[in-house]
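Okay, entry-v1.pdb is below, PDB, C-alpha atoms:
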```pdb
MODEL        1
ATOM      1  CA  MET A   2       9.405  13.787   3.567  1.00  0.00           C
ATOM      2  CA  VAL A   3      12.741  12.302   2.568  1.00  0.00           C
ATOM      3  CA  ILE A   4      13.776  11.935   6.209  1.00  0.00           C
ATOM      4  CA  VAL A   5      10.434  10.415   7.201  1.00  0.00           C
ATOM      5  CA  SER A   6      10.633   8.009   4.238  1.00  0.00           C
ATOM      6  CA  GLY A   7      14.149   6.934   5.155  1.00  0.00           C
ATOM      7  CA  ILE A   8      13.334   6.319   8.806  1.00  0.00           C
ATOM      8  CA  ALA A   9      10.113   4.494   7.934  1.00  0.00           C
ATOM      9  CA  ALA A  10      11.890   2.273   5.404  1.00  0.00           C
ATOM     10  CA  MET A  11      14.640   1.482   7.885  1.00  0.00           C
ATOM     11  CA  LEU A  12      12.059   0.425  10.486  1.00  0.00           C
ATOM     12  CA  ALA A  13       9.761  -1.418   8.087  1.00  0.00           C
ATOM     13  CA  SER A  14      12.078  -3.585   6.024  1.00  0.00           C
ATOM     14  CA  PRO A  15      13.197  -6.071   8.710  1.00  0.00           C
ATOM     15  CA  VAL A  16       9.680  -6.463  10.093  1.00  0.00           C
ATOM     16  CA  TRP A  17       8.004  -7.048   6.745  1.00  0.00           C
ATOM     17  CA  GLY A  18      10.862  -9.296   5.619  1.00  0.00           C
ATOM     18  CA  LYS A  19      10.496 -11.658   8.586  1.00  0.00           C
ATOM     19  CA  ARG A  20       6.725 -11.727   8.157  1.00  0.00           C
ATOM     20  CA  ALA A  21       7.032 -12.385   4.403  1.00  0.00           C
ATOM     21  CA  ASP A  22       9.262 -15.378   5.118  1.00  0.00           C
ATOM     22  CA  ALA A  23       6.361 -16.846   7.104  1.00  0.00           C
ATOM     23  CA  SER A  24       3.517 -15.855   4.740  1.00  0.00           C
ATOM     24  CA  SER A  25       3.725 -13.376   1.887  1.00  0.00           C
ATOM     25  CA  ARG A  26      -0.047 -13.682   1.404  1.00  0.00           C
ATOM     26  CA  GLN A  27      -0.634 -12.466   4.958  1.00  0.00           C
ATOM     27  CA  VAL A  28       1.814  -9.611   4.393  1.00  0.00           C
ATOM     28  CA  MET A  29      -0.163  -8.479   1.340  1.00  0.00           C
ATOM     29  CA  ARG A  30      -3.439  -8.817   3.270  1.00  0.00           C
ATOM     30  CA  ASP A  31      -2.155  -6.866   6.277  1.00  0.00           C
ATOM     31  CA  ALA A  32      -0.539  -4.223   4.087  1.00  0.00           C
ATOM     32  CA  ALA A  33      -3.851  -3.694   2.281  1.00  0.00           C
ATOM     33  CA  LEU A  34      -5.592  -3.276   5.623  1.00  0.00           C
ATOM     34  CA  GLY A  35      -2.885  -0.835   6.695  1.00  0.00           C
ATOM     35  CA  THR A  36      -3.396   1.095   3.473  1.00  0.00           C
ATOM     36  CA  ALA A  37      -7.106   1.421   4.244  1.00  0.00           C
ATOM     37  CA  VAL A  38      -6.302   2.678   7.735  1.00  0.00           C
ATOM     38  CA  CYS A  39      -3.811   5.231   6.383  1.00  0.00           C
ATOM     39  CA  CYS A  40      -6.333   6.473   3.819  1.00  0.00           C
ATOM     40  CA  LEU A  41      -8.995   6.881   6.492  1.00  0.00           C
ATOM     41  CA  LEU A  42      -6.530   8.672   8.778  1.00  0.00           C
ATOM     42  CA  GLY A  43      -5.654  11.008   5.917  1.00  0.00           C
ATOM     43  CA  ALA A  44      -9.346  11.698   5.298  1.00  0.00           C
ATOM     44  CA  LEU A  45      -9.902  12.371   8.997  1.00  0.00           C
ATOM     45  CA  LEU A  46      -7.174  15.021   9.035  1.00  0.00           C
ATOM     46  CA  ALA A  47      -9.582  17.356   7.265  1.00  0.00           C
ATOM     47  CA  TRP A  48     -11.879  17.260  10.297  1.00  0.00           C
ATOM     48  CA  LEU A  49      -9.220  17.927  12.922  1.00  0.00           C
ATOM     49  CA  PRO A  50      -9.256  21.313  14.665  1.00  0.00           C
ATOM     50  CA  GLY A  51      -7.356  24.061  12.870  1.00  0.00           C
ATOM     51  CA  SER A  52      -4.511  24.029  15.383  1.00  0.00           C
ATOM     52  CA  TRP A  53      -3.762  20.414  14.421  1.00  0.00           C
ATOM     53  CA  THR A  54      -4.029  20.838  10.657  1.00  0.00           C
ATOM     54  CA  GLU A  55      -1.726  23.848  10.676  1.00  0.00           C
ATOM     55  CA  GLN A  56       1.113  21.680  11.951  1.00  0.00           C
ATOM     56  CA  ILE A  57       3.156  19.237   9.922  1.00  0.00           C
ATOM     57  CA  TRP A  58       3.241  16.394  12.470  1.00  0.00           C
ATOM     58  CA  PRO A  59      -0.164  14.784  11.799  1.00  0.00           C
ATOM     59  CA  TYR A  60       0.600  14.669   8.077  1.00  0.00           C
ATOM     60  CA  ALA A  61       4.144  13.403   8.649  1.00  0.00           C
ATOM     61  CA  LEU A  62       2.844  10.637  10.912  1.00  0.00           C
ATOM     62  CA  VAL A  63       0.278   9.433   8.366  1.00  0.00           C
ATOM     63  CA  TYR A  64       2.859   9.684   5.583  1.00  0.00           C
ATOM     64  CA  GLY A  65       5.381   7.702   7.644  1.00  0.00           C
ATOM     65  CA  LEU A  66       2.813   5.002   8.305  1.00  0.00           C
ATOM     66  CA  LEU A  67       1.955   4.898   4.619  1.00  0.00           C
ATOM     67  CA  VAL A  68       5.627   4.462   3.676  1.00  0.00           C
ATOM     68  CA  ILE A  69       5.884   1.563   6.143  1.00  0.00           C
ATOM     69  CA  ILE A  70       2.758  -0.012   4.673  1.00  0.00           C
ATOM     70  CA  HIS A  71       3.999   0.566   1.112  1.00  0.00           C
ATOM     71  CA  HIS A  72       7.128  -1.452   1.874  1.00  0.00           C
ATOM     72  CA  GLY A  73       4.881  -4.294   3.002  1.00  0.00           C
ATOM     73  CA  VAL A  74       2.862  -4.150  -0.204  1.00  0.00           C
ATOM     74  CA  ARG A  75       5.946  -4.258  -2.397  1.00  0.00           C
ATOM     75  CA  LEU A  76       7.735  -6.936  -0.396  1.00  0.00           C
ATOM     76  CA  GLY A  77       4.634  -9.102  -0.100  1.00  0.00           C
ATOM     77  CA  ARG A  78       4.013  -8.965  -3.853  1.00  0.00           C
ATOM     78  CA  LYS A  79       7.620  -9.720  -4.739  1.00  0.00           C
ATOM     79  CA  THR A  80       7.915 -12.570  -2.256  1.00  0.00           C
ATOM     80  CA  TYR A  81       4.611 -14.092  -3.332  1.00  0.00           C
ATOM     81  CA  LEU A  82       5.664 -14.035  -6.988  1.00  0.00           C
ATOM     82  CA  VAL A  83       9.064 -15.563  -6.305  1.00  0.00           C
ATOM     83  CA  ASP A  84       7.558 -18.266  -4.081  1.00  0.00           C
ATOM     84  CA  MET A  85       4.783 -19.037  -6.577  1.00  0.00           C
ATOM     85  CA  ALA A  86       6.938 -19.238  -9.682  1.00  0.00           C
ATOM     86  CA  THR A  87       9.228 -22.020 -10.767  1.00  0.00           C
ATOM     87  CA  GLN A  88      12.765 -21.428 -11.965  1.00  0.00           C
ATOM     88  CA  GLU A  89      11.564 -21.628 -15.591  1.00  0.00           C
ATOM     89  CA  ASN A  90       8.778 -19.054 -15.392  1.00  0.00           C
ATOM     90  CA  ARG A  91       9.949 -16.713 -12.614  1.00  0.00           C
ATOM     91  CA  ALA A  92      11.331 -14.056 -14.982  1.00  0.00           C
ATOM     92  CA  LEU A  93       8.119 -14.115 -17.013  1.00  0.00           C
ATOM     93  CA  TYR A  94       5.949 -13.717 -13.888  1.00  0.00           C
ATOM     94  CA  VAL A  95       8.045 -10.834 -12.569  1.00  0.00           C
ATOM     95  CA  ALA A  96       8.058  -9.041 -15.934  1.00  0.00           C
ATOM     96  CA  LEU A  97       4.319  -9.529 -16.369  1.00  0.00           C
ATOM     97  CA  SER A  98       3.604  -8.407 -12.812  1.00  0.00           C
ATOM     98  CA  ASN A  99       5.705  -5.266 -13.177  1.00  0.00           C
ATOM     99  CA  THR A 100       4.126  -4.426 -16.539  1.00  0.00           C
ATOM    100  CA  LEU A 101       0.574  -4.942 -15.301  1.00  0.00           C
ATOM    101  CA  THR A 102       1.290  -2.932 -12.155  1.00  0.00           C
ATOM    102  CA  GLY A 103       2.593  -0.034 -14.242  1.00  0.00           C
ATOM    103  CA  VAL A 104      -0.351  -0.094 -16.653  1.00  0.00           C
ATOM    104  CA  LEU A 105      -2.860  -0.316 -13.817  1.00  0.00           C
ATOM    105  CA  MET A 106      -1.157   2.547 -11.983  1.00  0.00           C
ATOM    106  CA  LEU A 107      -1.518   4.726 -15.077  1.00  0.00           C
ATOM    107  CA  LEU A 108      -5.168   3.822 -15.621  1.00  0.00           C
ATOM    108  CA  VAL A 109      -6.226   3.968 -11.986  1.00  0.00           C
ATOM    109  CA  GLY A 110      -4.192   7.157 -11.504  1.00  0.00           C
ATOM    110  CA  ALA A 111      -6.100   8.845 -14.316  1.00  0.00           C
ATOM    111  CA  VAL A 112      -9.443   7.753 -12.884  1.00  0.00           C
ATOM    112  CA  MET A 113      -8.479   8.786  -9.359  1.00  0.00           C
ATOM    113  CA  GLY A 114      -7.242  12.138 -10.630  1.00  0.00           C
ATOM    114  CA  GLY A 115     -10.640  12.764 -12.183  1.00  0.00           C
ATOM    115  CA  LEU A 116     -12.407  11.634  -9.031  1.00  0.00           C
ATOM    116  CA  ALA A 117     -10.189  13.916  -6.931  1.00  0.00           C
ATOM    117  CA  GLN A 118     -11.366  16.902  -8.955  1.00  0.00           C
ATOM    118  CA  TRP A 119     -14.967  15.832  -8.601  1.00  0.00           C
ATOM    119  CA  LEU A 120     -15.093  14.491  -5.022  1.00  0.00           C
ATOM    120  CA  GLY A 121     -12.297  16.303  -3.233  1.00  0.00           C
ATOM    121  CA  SER A 122      -9.316  14.879  -1.362  1.00  0.00           C
ATOM    122  CA  SER A 123     -11.054  13.524   1.735  1.00  0.00           C
ATOM    123  CA  ALA A 124     -13.766  11.699  -0.197  1.00  0.00           C
ATOM    124  CA  LEU A 125     -11.171  10.294  -2.595  1.00  0.00           C
ATOM    125  CA  LEU A 126      -9.196   8.912   0.343  1.00  0.00           C
ATOM    126  CA  VAL A 127     -12.339   7.140   1.525  1.00  0.00           C
ATOM    127  CA  VAL A 128     -12.768   5.657  -1.978  1.00  0.00           C
ATOM    128  CA  LEU A 129      -9.149   4.500  -1.874  1.00  0.00           C
ATOM    129  CA  ALA A 130      -9.736   2.968   1.567  1.00  0.00           C
ATOM    130  CA  VAL A 131     -12.641   0.978   0.144  1.00  0.00           C
ATOM    131  CA  THR A 132     -10.473  -0.271  -2.727  1.00  0.00           C
ATOM    132  CA  ALA A 133      -7.786  -1.239  -0.207  1.00  0.00           C
ATOM    133  CA  ILE A 134     -10.377  -3.284   1.690  1.00  0.00           C
ATOM    134  CA  GLY A 135     -11.138  -5.002  -1.629  1.00  0.00           C
ATOM    135  CA  ALA A 136      -7.432  -5.724  -2.035  1.00  0.00           C
ATOM    136  CA  MET A 137      -7.321  -7.133   1.483  1.00  0.00           C
ATOM    137  CA  LEU A 138     -10.211  -9.478   0.715  1.00  0.00           C
ATOM    138  CA  SER A 139      -8.547 -10.543  -2.556  1.00  0.00           C
ATOM    139  CA  ALA A 140      -5.240 -11.253  -0.825  1.00  0.00           C
ATOM    140  CA  GLN A 141      -7.056 -13.299   1.806  1.00  0.00           C
ATOM    141  CA  GLN A 142      -8.427 -15.555  -0.957  1.00  0.00           C
ATOM    142  CA  LEU A 143      -4.997 -16.295  -2.478  1.00  0.00           C
ATOM    143  CA  PRO A 144      -3.482 -19.706  -1.807  1.00  0.00           C
ATOM    144  CA  GLU A 145      -0.415 -19.892   0.428  1.00  0.00           C
ATOM    145  CA  THR A 146       2.920 -20.320  -1.366  1.00  0.00           C
ATOM    146  CA  GLU A 147       6.183 -21.769  -0.174  1.00  0.00           C
TER     147      GLU A 147
ENDMDL
END
```

Could the structure of this file be written out as structure tokens, please?
Amino acid sequence: MVIVSGIAAMLASPVWGKRADASSRQVMRDAALGTAVCCLLGALLAWLPGSWTEQIWPYALVYGLLVIIHHGVRLGRKTYLVDMATQENRALYVALSNTLTGVLMLLVGAVMGGLAQWLGSSALLVVLAVTAIGAMLSAQQLPETE
């Protein structure tokens, strides 16, 4: 996983960076769509034939794609905040964004953990895909920044 993460990050950073220079809003939108695709691919792994699910490669591929997408999410959010903020309020926006992200991760993580016990992994990944589609639609509604 460390090797896959490193290779994925090395491939993803220049691509997302160039795209974020053009439109960080589109990067967030596309990364949310990519997240939905990765979640659905992960859910579909449960229905692959046993010979496929006994190997590491399908899981490594989905994980690698998810790491690439995750870099887009992070870079899009950071770039959007920096472009949106003025010099006077940039530090406040970044601190608030990081704090809210951490709090939401704790709350949503607790809810998703409970849902995982109740629904199972594949169904939870479908739920996460639906929330990623919601994030994509939200990002699409954001104004462009410069």

Specify as a ChimeraX atom specification each residue included when the PyMOL selection byres ((chain A and resi 33-36) around 7) is applied to this file. /A:29-32,37-40,67,70,130,133-134,136-137

Rank A:Gly135, A:Gly51, A:Pro144, A:Gly73 by their smallest atom-to-atom distance to Leu12 of chain A, using all atoms listed in the file, and report the top residue only. A:Gly73

Residues returned when the PyMOL selection byres ((chain A and resi 116-126) around 9) runs on this file, as a PyMOL selection string: chain A and resi 37+39-47+111-115+127-131

Skipping near chain neighbours, those fewer than 5 positions away, what residues fall within 12 Å of Leu143 of chain A using only C-alpha atoms, listed as a tab-separated table (two decimals) with C-alpha atoms, in the frame of the given file?
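And here's around.tsv as it stands now:
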```tsv
chain	number	residue	atom	x	y	z
A	24	SER	CA	3.52	-15.86	4.74
A	25	SER	CA	3.72	-13.38	1.89
A	26	ARG	CA	-0.05	-13.68	1.40
A	27	GLN	CA	-0.63	-12.47	4.96
A	28	VAL	CA	1.81	-9.61	4.39
A	29	MET	CA	-0.16	-8.48	1.34
A	30	ARG	CA	-3.44	-8.82	3.27
A	78	ARG	CA	4.01	-8.96	-3.85
A	81	TYR	CA	4.61	-14.09	-3.33
A	82	LEU	CA	5.66	-14.04	-6.99
A	85	MET	CA	4.78	-19.04	-6.58
A	136	ALA	CA	-7.43	-5.72	-2.04
A	137	MET	CA	-7.32	-7.13	1.48
A	138	LEU	CA	-10.21	-9.48	0.72
```

What is the distance between atom CA of Trp17 of chain A and atom CA of Thr80 of chain A, in Å to one decimal?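 Calculated distance between atom CA of Trp17 of chain A and atom CA of Thr80 of chain A is 10.6 Å.
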
Counting all atoms listed in the file, which of A:Ala61, A:Val74, A:Leu97, A:Val83 gets nearest to Ser14 of chain A?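 When distances to Ser14 of chain A are compared using all atoms listed in the file, the smallest one comes from A:Val74.
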
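In this structure, atom CA of Glu89 of chain A sits 28.8 Å away from atom CA of His71 of chain A.
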
Enter the distance from atom CA of Asn99 of chain A to atom CA of Asp84 of chain A, in Å, rounded to one decimal.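 Computing the Euclidean distance for atom CA of Asn99 of chain A and atom CA of Asp84 of chain A yields 16.0 Å.
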
Here is a test: counting only C-alpha atoms, which residue of A:Gly65, A:Pro50, A:Pro59, A:Gly77 is nearest to Ala21 of chain A?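 Residue with the minimum atom-to-atom distance to Ala21 of chain A: A:Gly77.
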
With all atoms listed in the file as the atoms that count, which of A:Lys79, A:Val68, A:Tyr94, A:Thr100 lies nearest to Met11 of chain A?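 Of all the options, A:Val68 lies closest to Met11 of chain A.
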